[in-house]
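Content type compact mmCIF, C-alpha atoms, from the file target28.txt:
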# COMPACT_ATOMS: atom_id res chain seq x y z
CA MET D 1 -11.82 -10.17 45.16
CA PRO D 2 -9.51 -9.46 48.16
CA GLU D 3 -9.50 -5.86 49.32
CA ASP D 4 -5.81 -5.33 48.49
CA VAL D 5 -6.18 -6.44 44.83
CA ARG D 6 -7.49 -3.86 42.36
CA PRO D 7 -8.63 -4.40 38.75
CA THR D 8 -6.00 -3.82 36.11
CA PRO D 9 -6.32 -0.48 34.26
CA GLN D 10 -8.20 -0.39 30.98
CA LEU D 11 -6.56 -0.27 27.57
CA ALA D 12 -5.93 3.08 25.94
CA ALA D 13 -8.95 4.40 24.10
CA ARG D 14 -7.11 4.19 20.78
CA ALA D 15 -6.61 0.44 21.26
CA ALA D 16 -10.31 -0.04 21.97
CA ARG D 17 -11.55 2.00 19.01
CA THR D 18 -9.17 0.58 16.36
CA GLY D 19 -10.25 -2.76 14.96
CA GLY D 20 -8.11 -5.47 13.42
CA SER D 21 -7.58 -5.71 9.68
CA PRO D 22 -10.30 -7.69 7.88
CA VAL D 23 -7.72 -8.46 5.19
CA ARG D 24 -5.43 -10.16 7.70
CA GLU D 25 -8.40 -12.09 9.08
CA ILE D 26 -9.39 -13.27 5.60
CA LEU D 27 -5.80 -14.35 4.91
CA ALA D 28 -5.89 -16.51 8.04
CA LEU D 29 -9.21 -17.98 6.91
CA THR D 30 -7.83 -18.84 3.46
CA ALA D 31 -4.35 -20.04 4.41
CA ARG D 32 -5.13 -23.61 3.28
CA PRO D 33 -2.98 -24.52 0.23
CA GLU D 34 -6.01 -25.59 -1.81
CA VAL D 35 -7.52 -22.08 -1.65
CA ILE D 36 -6.99 -19.83 -4.67
CA SER D 37 -6.95 -16.44 -3.01
CA PHE D 38 -7.49 -13.13 -4.74
CA ALA D 39 -7.62 -11.57 -1.28
CA GLY D 40 -4.11 -10.70 -0.14
CA GLY D 41 -1.71 -8.35 -1.86
CA LEU D 42 0.97 -11.03 -1.63
CA PRO D 43 3.78 -10.83 -4.21
CA ALA D 44 4.36 -14.06 -6.13
CA GLY D 45 6.76 -16.04 -3.95
CA GLU D 46 8.06 -18.11 -6.87
CA LEU D 47 9.29 -14.89 -8.50
CA PHE D 48 11.45 -13.78 -5.55
CA ASP D 49 15.10 -13.46 -6.57
CA THR D 50 16.26 -15.83 -3.86
CA GLY D 51 19.66 -16.34 -5.49
CA GLY D 52 20.45 -12.65 -5.74
CA ILE D 53 19.17 -11.89 -2.25
CA SER D 54 21.09 -14.82 -0.75
CA ALA D 55 24.27 -13.69 -2.47
CA ALA D 56 23.82 -10.16 -1.09
CA PHE D 57 23.46 -11.44 2.49
CA ARG D 58 26.48 -13.74 2.11
CA HIS D 59 28.57 -10.88 0.78
CA VAL D 60 27.89 -8.51 3.66
CA LEU D 61 28.37 -11.24 6.25
CA ASP D 62 31.65 -12.32 4.63
CA GLU D 63 33.05 -8.85 3.92
CA ALA D 64 31.77 -6.67 6.79
CA PRO D 65 30.17 -8.83 9.49
CA ARG D 66 30.98 -6.52 12.40
CA GLN D 67 29.25 -3.56 10.76
CA ALA D 68 26.32 -5.62 9.44
CA LEU D 69 25.54 -7.06 12.86
CA GLN D 70 26.07 -3.88 14.87
CA TYR D 71 23.78 -1.02 15.91
CA SER D 72 23.39 1.66 13.24
CA THR D 73 22.10 5.19 12.73
CA THR D 74 18.40 5.98 12.88
CA GLU D 75 18.42 7.57 9.42
CA GLY D 76 19.61 4.34 7.81
CA ASP D 77 22.49 2.78 5.87
CA PRO D 78 24.20 5.51 3.78
CA ALA D 79 24.69 3.18 0.81
CA LEU D 80 21.03 2.17 0.82
CA ARG D 81 19.85 5.77 1.09
CA ALA D 82 22.12 6.66 -1.84
CA ALA D 83 20.67 3.83 -3.93
CA VAL D 84 17.10 4.86 -3.13
CA ALA D 85 17.88 8.51 -3.86
CA ALA D 86 19.22 7.54 -7.28
CA ARG D 87 16.10 5.53 -8.13
CA VAL D 88 13.72 8.29 -6.99
CA SER D 89 15.72 10.89 -8.93
CA ALA D 90 15.62 8.71 -12.06
CA ARG D 91 11.83 8.79 -11.82
CA GLY D 92 11.81 12.59 -11.90
CA LEU D 93 12.00 13.77 -8.29
CA ALA D 94 15.49 15.11 -7.50
CA THR D 95 16.56 13.47 -4.24
CA VAL D 96 19.77 13.20 -2.22
CA PRO D 97 20.51 10.63 0.50
CA ASP D 98 20.00 13.16 3.28
CA ASP D 99 16.37 13.59 2.16
CA LEU D 100 15.63 10.01 3.23
CA VAL D 101 15.01 7.86 6.28
CA ILE D 102 15.02 4.07 5.97
CA THR D 103 12.03 2.54 7.74
CA THR D 104 10.85 -0.90 8.80
CA GLY D 105 8.50 -1.16 5.85
CA SER D 106 6.66 1.84 4.45
CA GLN D 107 3.90 1.13 6.98
CA GLN D 108 6.26 2.32 9.70
CA GLY D 109 6.91 5.45 7.68
CA LEU D 110 3.20 6.22 7.72
CA SER D 111 3.07 5.66 11.49
CA LEU D 112 6.04 7.99 11.98
CA LEU D 113 4.34 10.69 9.92
CA ALA D 114 1.16 10.34 11.97
CA THR D 115 3.20 10.65 15.18
CA ALA D 116 5.04 13.71 13.90
CA LEU D 117 2.05 15.53 12.40
CA LEU D 118 -1.19 14.62 14.13
CA GLU D 119 -2.73 15.66 17.42
CA PRO D 120 -5.88 13.87 18.63
CA GLY D 121 -8.83 15.44 16.87
CA ASP D 122 -6.88 16.64 13.82
CA THR D 123 -8.61 16.07 10.49
CA VAL D 124 -7.11 13.82 7.81
CA LEU D 125 -8.48 13.60 4.28
CA VAL D 126 -8.31 10.27 2.45
CA GLU D 127 -9.42 8.83 -0.85
CA ASP D 128 -12.67 6.90 -0.62
CA PRO D 129 -12.04 3.95 -0.76
CA CYS D 130 -8.66 4.08 1.00
CA TYR D 131 -5.77 1.78 1.91
CA LEU D 132 -7.08 -0.05 4.94
CA ALA D 133 -3.95 0.02 7.11
CA ALA D 134 -3.76 3.80 6.69
CA LEU D 135 -7.19 4.06 8.28
CA GLN D 136 -5.84 2.02 11.20
CA VAL D 137 -2.84 4.35 11.60
CA PHE D 138 -5.03 7.45 11.65
CA SER D 139 -7.43 5.83 14.11
CA PHE D 140 -4.57 5.08 16.49
CA ALA D 141 -3.44 8.70 16.19
CA GLY D 142 -6.90 9.87 17.27
CA ALA D 143 -7.46 11.67 13.98
CA ARG D 144 -10.81 12.48 12.47
CA VAL D 145 -10.86 10.88 9.00
CA VAL D 146 -12.90 12.55 6.26
CA PRO D 147 -13.33 10.82 2.88
CA VAL D 148 -12.88 12.58 -0.45
CA PRO D 149 -14.97 11.23 -3.36
CA THR D 150 -13.26 9.38 -6.20
CA ASP D 151 -14.21 8.20 -9.67
CA ASP D 152 -12.58 5.93 -12.24
CA GLU D 153 -9.59 8.30 -12.46
CA GLY D 154 -9.08 8.58 -8.72
CA LEU D 155 -9.51 11.46 -6.32
CA ASP D 156 -11.72 14.39 -7.40
CA PRO D 157 -9.67 17.63 -7.01
CA GLN D 158 -12.72 19.91 -6.98
CA ALA D 159 -14.31 17.89 -4.19
CA LEU D 160 -10.97 17.96 -2.38
CA ASP D 161 -10.88 21.76 -2.53
CA GLU D 162 -14.42 22.11 -1.22
CA ILE D 163 -13.88 19.63 1.61
CA ALA D 164 -10.52 21.15 2.56
CA ALA D 165 -12.09 24.61 2.76
CA ARG D 166 -14.83 23.31 5.03
CA GLU D 167 -12.92 20.82 7.22
CA ARG D 168 -9.53 22.58 7.62
CA PRO D 169 -7.52 19.31 7.54
CA LYS D 170 -3.93 18.79 8.66
CA LEU D 171 -3.02 16.41 5.82
CA LEU D 172 -4.17 14.52 2.76
CA TYR D 173 -3.17 10.87 2.39
CA LEU D 174 -3.35 9.14 -0.99
CA VAL D 175 -1.85 6.36 -3.12
CA PRO D 176 -1.88 8.05 -6.53
CA THR D 177 -0.28 5.25 -8.59
CA PHE D 178 -2.01 1.84 -8.84
CA GLN D 179 -3.96 2.62 -5.72
CA ASN D 180 -4.78 0.09 -3.06
CA PRO D 181 -7.57 -1.06 -3.19
CA THR D 182 -8.76 0.16 -6.61
CA GLY D 183 -5.67 -0.09 -8.84
CA ARG D 184 -6.44 3.40 -10.20
CA THR D 185 -3.78 5.91 -11.21
CA LEU D 186 -4.35 9.64 -10.72
CA PRO D 187 -3.64 11.46 -14.03
CA ALA D 188 -1.03 14.21 -14.22
CA GLY D 189 -3.63 16.96 -14.57
CA ARG D 190 -5.35 15.91 -11.38
CA ARG D 191 -2.02 15.64 -9.56
CA ALA D 192 -1.25 19.23 -10.51
CA ALA D 193 -4.68 20.28 -9.26
CA VAL D 194 -4.20 18.41 -5.96
CA ALA D 195 -0.86 20.17 -5.48
CA ARG D 196 -2.53 23.57 -6.00
CA VAL D 197 -5.27 22.74 -3.51
CA ALA D 198 -2.70 21.65 -0.90
CA ALA D 199 -0.79 24.91 -1.30
CA ARG D 200 -3.93 27.06 -1.24
CA ARG D 201 -5.48 25.30 1.76
CA GLY D 202 -2.24 24.82 3.69
CA LEU D 203 -2.12 21.06 4.19
CA TRP D 204 0.51 18.35 4.11
CA ILE D 205 0.40 15.63 1.45
CA VAL D 206 1.42 12.05 2.19
CA GLU D 207 2.09 10.33 -1.15
CA ASP D 208 2.32 6.56 -0.67
CA ASP D 209 4.04 4.82 -3.60
CA PRO D 210 4.57 1.09 -2.96
CA TYR D 211 3.54 0.04 -6.48
CA GLY D 212 5.02 2.69 -8.79
CA GLU D 213 7.80 0.46 -10.16
CA LEU D 214 5.31 -2.27 -11.07
CA ARG D 215 4.08 -0.52 -14.23
CA PHE D 216 3.79 -2.89 -17.18
CA GLU D 217 1.68 -0.77 -19.51
CA GLY D 218 1.22 2.92 -20.33
CA GLU D 219 3.40 5.94 -19.60
CA PRO D 220 4.71 6.80 -16.12
CA VAL D 221 3.09 9.71 -14.30
CA PRO D 222 5.34 12.09 -12.28
CA TYR D 223 5.40 11.93 -8.51
CA LEU D 224 2.74 14.18 -7.01
CA GLY D 225 5.46 15.89 -4.99
CA SER D 226 7.14 17.14 -8.16
CA PHE D 227 4.23 19.44 -9.10
CA PRO D 228 4.30 23.18 -8.22
CA GLY D 229 2.82 23.83 -4.81
CA ALA D 230 3.56 20.36 -3.47
CA GLU D 231 7.36 20.41 -3.29
CA ASP D 232 7.69 21.75 0.25
CA ARG D 233 4.69 19.96 1.77
CA THR D 234 4.85 16.38 0.45
CA ALA D 235 6.13 13.32 2.28
CA LEU D 236 6.82 10.40 -0.05
CA LEU D 237 6.73 6.79 1.12
CA GLY D 238 8.26 3.84 -0.73
CA SER D 239 8.79 0.15 -0.10
CA PHE D 240 10.92 -2.81 -1.12
CA SER D 241 8.09 -5.19 -0.18
CA LYS D 242 6.61 -5.25 -3.69
CA THR D 243 9.86 -4.96 -5.66
CA VAL D 244 12.25 -7.23 -3.71
CA ALA D 245 10.53 -9.15 -0.89
CA PRO D 246 8.12 -8.18 1.91
CA GLY D 247 9.98 -10.35 4.43
CA LEU D 248 12.85 -7.84 4.43
CA ARG D 249 10.50 -5.24 5.99
CA LEU D 250 12.33 -2.36 4.33
CA GLY D 251 10.83 0.93 3.25
CA TRP D 252 11.79 4.57 3.09
CA LEU D 253 10.48 8.04 3.80
CA ARG D 254 11.36 11.22 1.91
CA ALA D 255 10.26 14.48 3.54
CA PRO D 256 11.17 18.17 3.92
CA ASP D 257 13.84 18.83 6.56
CA VAL D 258 11.66 19.84 9.49
CA LEU D 259 9.28 16.92 9.04
CA ARG D 260 12.05 14.42 8.39
CA ARG D 261 13.86 15.42 11.60
CA ALA D 262 10.66 14.94 13.59
CA CYS D 263 10.22 11.48 12.03
CA VAL D 264 13.79 10.55 12.97
CA VAL D 265 13.04 11.37 16.61
CA ALA D 266 9.80 9.37 16.43
CA LYS D 267 11.71 6.42 14.95
CA GLN D 268 14.31 6.59 17.71
CA ALA D 269 11.47 6.19 20.18
CA ALA D 270 9.94 3.33 18.19
CA ASP D 271 12.83 1.02 17.29
CA LEU D 272 16.14 2.98 17.30
CA HIS D 273 16.80 1.90 13.70
CA THR D 274 15.79 -0.60 11.05
CA SER D 275 17.68 -3.93 10.78
CA THR D 276 21.31 -3.18 9.98
CA LEU D 277 21.84 -6.54 8.29
CA ASP D 278 18.79 -6.27 6.04
CA GLN D 279 19.73 -2.73 5.03
CA ALA D 280 23.30 -3.74 4.18
CA ALA D 281 22.12 -6.68 2.10
CA ALA D 282 19.57 -4.52 0.28
CA ALA D 283 22.24 -1.92 -0.47
CA ARG D 284 24.47 -4.66 -1.90
CA TYR D 285 21.60 -6.02 -3.96
CA LEU D 286 20.78 -2.59 -5.39
CA ALA D 287 24.42 -1.96 -6.25
CA GLY D 288 24.20 -4.50 -9.09
CA PRO D 289 21.81 -5.01 -12.00
CA ASP D 290 19.78 -7.64 -10.18
CA LEU D 291 16.81 -5.47 -9.18
CA ASP D 292 16.11 -4.04 -12.63
CA ALA D 293 16.43 -7.47 -14.23
CA HIS D 294 14.17 -8.92 -11.54
CA LEU D 295 11.57 -6.19 -12.07
CA GLU D 296 11.46 -6.92 -15.79
CA ARG D 297 10.60 -10.54 -15.03
CA VAL D 298 8.01 -9.55 -12.44
CA ARG D 299 6.31 -7.01 -14.69
CA GLY D 300 5.97 -9.53 -17.49
CA ALA D 301 4.51 -12.16 -15.17
CA TYR D 302 2.13 -9.70 -13.51
CA ARG D 303 0.86 -8.43 -16.84
CA ALA D 304 -0.07 -11.98 -17.90
CA ARG D 305 -1.80 -12.52 -14.56
CA ARG D 306 -3.72 -9.26 -14.81
CA ASP D 307 -4.90 -10.26 -18.27
CA ALA D 308 -6.04 -13.68 -17.04
CA LEU D 309 -8.07 -12.10 -14.24
CA VAL D 310 -9.59 -9.19 -16.14
CA ASP D 311 -10.40 -11.22 -19.24
CA GLY D 312 -12.20 -13.85 -17.14
CA LEU D 313 -14.23 -11.63 -14.82
CA GLY D 314 -17.13 -11.35 -17.24
CA ALA D 315 -17.88 -15.04 -16.82
CA ALA D 316 -17.27 -15.03 -13.05
CA LEU D 317 -19.17 -11.99 -11.80
CA PRO D 318 -22.91 -11.29 -12.01
CA GLU D 319 -24.27 -9.62 -15.12
CA GLY D 320 -24.09 -5.85 -14.77
CA SER D 321 -20.82 -5.89 -12.82
CA ARG D 322 -18.04 -3.39 -13.57
CA TRP D 323 -14.28 -3.61 -13.14
CA ASN D 324 -11.15 -1.78 -14.23
CA ARG D 325 -7.99 -2.78 -16.12
CA PRO D 326 -5.01 -1.23 -14.26
CA ASP D 327 -1.74 -0.50 -16.05
CA GLY D 328 0.29 -1.98 -13.20
CA GLY D 329 0.32 -2.66 -9.50
CA MET D 330 -1.46 -5.60 -7.92
CA PHE D 331 -5.22 -5.00 -7.74
CA VAL D 332 -8.44 -4.91 -9.74
CA TRP D 333 -11.51 -3.21 -8.28
CA ALA D 334 -14.88 -4.72 -9.16
CA SER D 335 -18.42 -3.63 -8.40
CA MET D 336 -21.42 -5.94 -8.53
CA PRO D 337 -24.91 -4.58 -9.24
CA ALA D 338 -27.42 -3.55 -6.62
CA GLY D 339 -28.61 -6.38 -4.42
CA TYR D 340 -25.24 -8.10 -4.15
CA ASP D 341 -23.31 -7.87 -0.87
CA ALA D 342 -19.67 -8.93 -1.22
CA THR D 343 -19.23 -9.33 2.54
CA ALA D 344 -22.29 -11.53 2.96
CA LEU D 345 -21.33 -13.67 -0.05
CA LEU D 346 -17.73 -14.30 1.04
CA PRO D 347 -18.47 -17.34 3.28
CA GLU D 348 -20.30 -18.98 0.37
CA VAL D 349 -17.39 -18.26 -1.95
CA VAL D 350 -14.82 -19.67 0.49
CA ARG D 351 -16.70 -22.99 0.50
CA TYR D 352 -15.45 -23.40 -3.08
CA ASP D 353 -11.83 -22.73 -2.01
CA VAL D 354 -11.55 -19.27 -3.50
CA ALA D 355 -11.54 -15.82 -1.87
CA TYR D 356 -11.52 -12.06 -2.43
CA VAL D 357 -11.59 -9.04 -0.11
CA PRO D 358 -14.95 -7.27 0.24
CA GLY D 359 -14.70 -3.59 -0.54
CA ALA D 360 -16.68 -2.29 2.43
CA PRO D 361 -13.80 -2.07 4.98
CA PHE D 362 -11.83 0.24 2.67
CA TYR D 363 -14.40 3.03 2.85
CA ALA D 364 -14.08 5.85 5.37
CA GLY D 365 -17.58 6.98 4.40
CA PRO D 366 -20.69 4.98 3.46
CA ALA D 367 -19.61 1.78 1.71
CA ASP D 368 -20.70 0.29 -1.59
CA ALA D 369 -21.62 -3.23 -0.43
CA GLY D 370 -21.20 -4.71 -3.90
CA THR D 371 -17.52 -3.83 -4.30
CA MET D 372 -14.52 -6.15 -3.98
CA ARG D 373 -10.74 -6.04 -4.32
CA LEU D 374 -9.11 -8.80 -6.34
CA SER D 375 -5.34 -9.30 -6.38
CA PHE D 376 -3.93 -10.79 -9.57
CA VAL D 377 -0.29 -11.29 -8.57
CA THR D 378 -0.20 -14.26 -6.20
CA HIS D 379 -1.26 -17.04 -8.59
CA PRO D 380 -0.18 -17.93 -12.16
CA PRO D 381 -2.71 -17.55 -15.00
CA GLU D 382 -3.89 -21.16 -14.97
CA GLU D 383 -4.73 -20.97 -11.25
CA ILE D 384 -6.42 -17.60 -11.76
CA ARG D 385 -8.67 -19.13 -14.41
CA GLU D 386 -9.54 -22.00 -12.10
CA GLY D 387 -10.25 -19.52 -9.29
CA LEU D 388 -12.65 -17.63 -11.54
CA LEU D 389 -14.52 -20.84 -12.32
CA ARG D 390 -14.92 -21.42 -8.58
CA LEU D 391 -16.02 -17.82 -8.05
CA ALA D 392 -18.73 -18.21 -10.67
CA LYS D 393 -20.29 -21.13 -8.78
CA THR D 394 -21.48 -18.62 -6.17
CA LEU D 395 -21.61 -15.26 -7.89
CA ARG D 396 -23.23 -16.41 -11.14
CA THR D 397 -25.91 -18.40 -9.32
CA PRO D 398 -29.27 -16.59 -9.66
CA ARG D 399 -30.15 -14.75 -6.46
CA PRO D 400 -33.64 -15.03 -4.94

Please rewrite the model in this file as structure tokens.
Amino acid sequence: MPEDVRPTPQLAARAARTGGSPVREILALTARPEVISFAGGLPAGELFDTGGISAAFRHVLDEAPRQALQYSTTEGDPALRAAVAARVSARGLATVPDDLVITTGSQQGLSLLATALLEPGDTVLVEDPCYLAALQVFSFAGARVVPVPTDDEGLDPQALDEIAARERPKLLYLVPTFQNPTGRTLPAGRRAAVARVAARRGLWIVEDDPYGELRFEGEPVPYLGSFPGAEDRTALLGSFSKTVAPGLRLGWLRAPDVLRRACVVAKQAADLHTSTLDQAAAARYLAGPDLDAHLERVRGAYRARRDALVDGLGAALPEGSRWNRPDGGMFVWASMPAGYDATALLPEVVRYDVAYVPGAPFYAGPADAGTMRLSFVTHPPEEIREGLLRLAKTLRTPRP
């Protein structure tokens, strides 16, 4: 190398320590149309309300093109914030438009919260297993992630209290309703207990709720942030990706004033504001009855798909396996008996043009190698049943 040419500087440490998403890698591996994939949390494309969404875009471009195509405020479209506030309030958490920031998907909201709250070395508590992309966000922030044990009803509040006393965390992150990856819903009594722990131990709560409006069975459970002790320390994240369409990349963040203002500054540094056109179209769409009617259709379809998956797992998984039956959302969590490794078996499964996501990457602590996440929303019931037949060709084969 010539003397006047120096090596380029290294990447930031956070880029080196944070790996790519195994879920995204599996999706690339299974992108062939013949593959029946239980891997990705992809909403059913044939159920998108393309007519209603198209009409909303045409309306804003016909009626207010200059505003729809112009720069906008960081906080977001006032009409869209008003519509979101009304929906959150209707679900039991009183909210006004000024409580909200519109984000480029709820994933950006989580990144903004990490920027506003976390210093390198701060401790974050998460459910174990946990939403994978949240682990990536916290890794990029330089946080120390500590898992909190869970059971079939979700996070264990007593374990949370003990760990919080010992680790002195900055925040707790959880998906309490139809959790990703497990599909579990935290009962009201546990939510109240989590709120008390957060108040007693002095930590922020990040309540991620992308799936709450996809309930097709059972009674709704109040937002965690509505319980005493959590009101002034909870940031709530929501998304239109699961209810309207993920391609819009629209989400929202509700937070107490001081935290919300810090997130607005972080968003200004990140992207100035979310797409003006997409926000205006979403506001138009929410102004009519289209979303509620669309959600009724989606819930009915997803319930039938959940039933097809859950009812067929007994013949597809090894004897001694366990799985849950969620009341909504997109995912079933299954656990195979000792001796089965879902990661090692995946290449064999893919040979039969079917796929799942191994559970191991979702754990912040030691992983259960026999676990897997199965999404039931992407394929209709007849394809789900065919996928289970293909799954059985590997998983029901006697192991040496």

**OP:** Determine, counting all atoms listed in the file, which protein, DNA and RNA residues have an atom within 10 Å of an atom of D:Gly76; residues of the same chain fewer than 4 positions away are not included. Present the result as a ChimeraX atom specification.
**Re:** /D:72,80-81,97-98,100-103,252,264,273-276,279-280

Original post:
What is the distance, in Å and to one decimal place, between atom CA of D:Ala269 and atom CA of D:Lys242?
Top reply: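 A separation of 26.9 Å between them.
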
Subject >> For D:Val194, the nearest of the candidates D:Leu125, D:Leu224, D:Val84, D:Ala360, counting only C-alpha atoms >> reply: D:Leu224

Within 9 Å of D:Asp307, counting only C-alpha atoms, which residues qualify if same-chain residues fewer than 5 places away don't, as a short mmCIF file (atom, residue, chain, number, x, y, z; two decimals) with C-alpha atoms, in the coordinates of the input?
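Writing the result to part_36.cif gives the following:
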data_model
loop_
_atom_site.label_atom_id
_atom_site.label_comp_id
_atom_site.auth_asym_id
_atom_site.auth_seq_id
_atom_site.Cartn_x
_atom_site.Cartn_y
_atom_site.Cartn_z
CA TYR D 302 2.13 -9.70 -13.51
CA GLY D 312 -12.20 -13.85 -17.14
CA ARG D 325 -7.99 -2.78 -16.12
CA PHE D 376 -3.93 -10.79 -9.57
CA PRO D 381 -2.71 -17.55 -15.00
#

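Between D:Glu75 and the residues D:Ser89, D:Gln268, D:Ser111, D:Asn180, the shortest atom-to-atom distance, using only C-alpha atoms, involves D:Gln268.
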
Original post:
For D:Glu207, which residue out of D:Leu118, D:Leu172, D:Ala334, D:Ala315 is the nearest one, using all atoms listed in the file?
Top reply: D:Leu172

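The nearest approach to D:Ile36 among the residues D:Val349, D:Ala392, D:Val206, D:Ile384, with only C-alpha atoms taken into account, belongs to D:Ile384.
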
Original post:
Looking at D:Arg87, D:Arg284, D:Arg233, D:Arg191, which one is nearest to D:Ala68, with distances taken over only C-alpha atoms?
Top reply: D:Arg284

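Coordinates place atom CA of D:Ala369 at a distance of 29.3 Å from atom CA of D:Arg215.
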
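One distance worth recording is that between atom CA of D:Leu346 and atom CA of D:Met372, which is 10.1 Å.
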
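The residue that comes closest to D:Thr243, out of D:Arg305, D:Arg66, D:His294, D:Arg390 and on the basis of only C-alpha atoms, is D:His294.
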
Original post:
What lies within 7 Å of D:Ala281 using all atoms listed in the file, ignoring chain neighbours under 4 positions off, as a count of residues only?
Top reply: 5

Stretch 217-233 of chain D, all listed atoms, 6 Å padding on each side: what axis-aligned box centre and edge lengths in Å to one decimal come out, as AutoDock Vina command-line options?
--center_x 4.5 --center_y 11.5 --center_z -9.3 --size_x 18.5 --size_y 36.6 --size_z 34.1
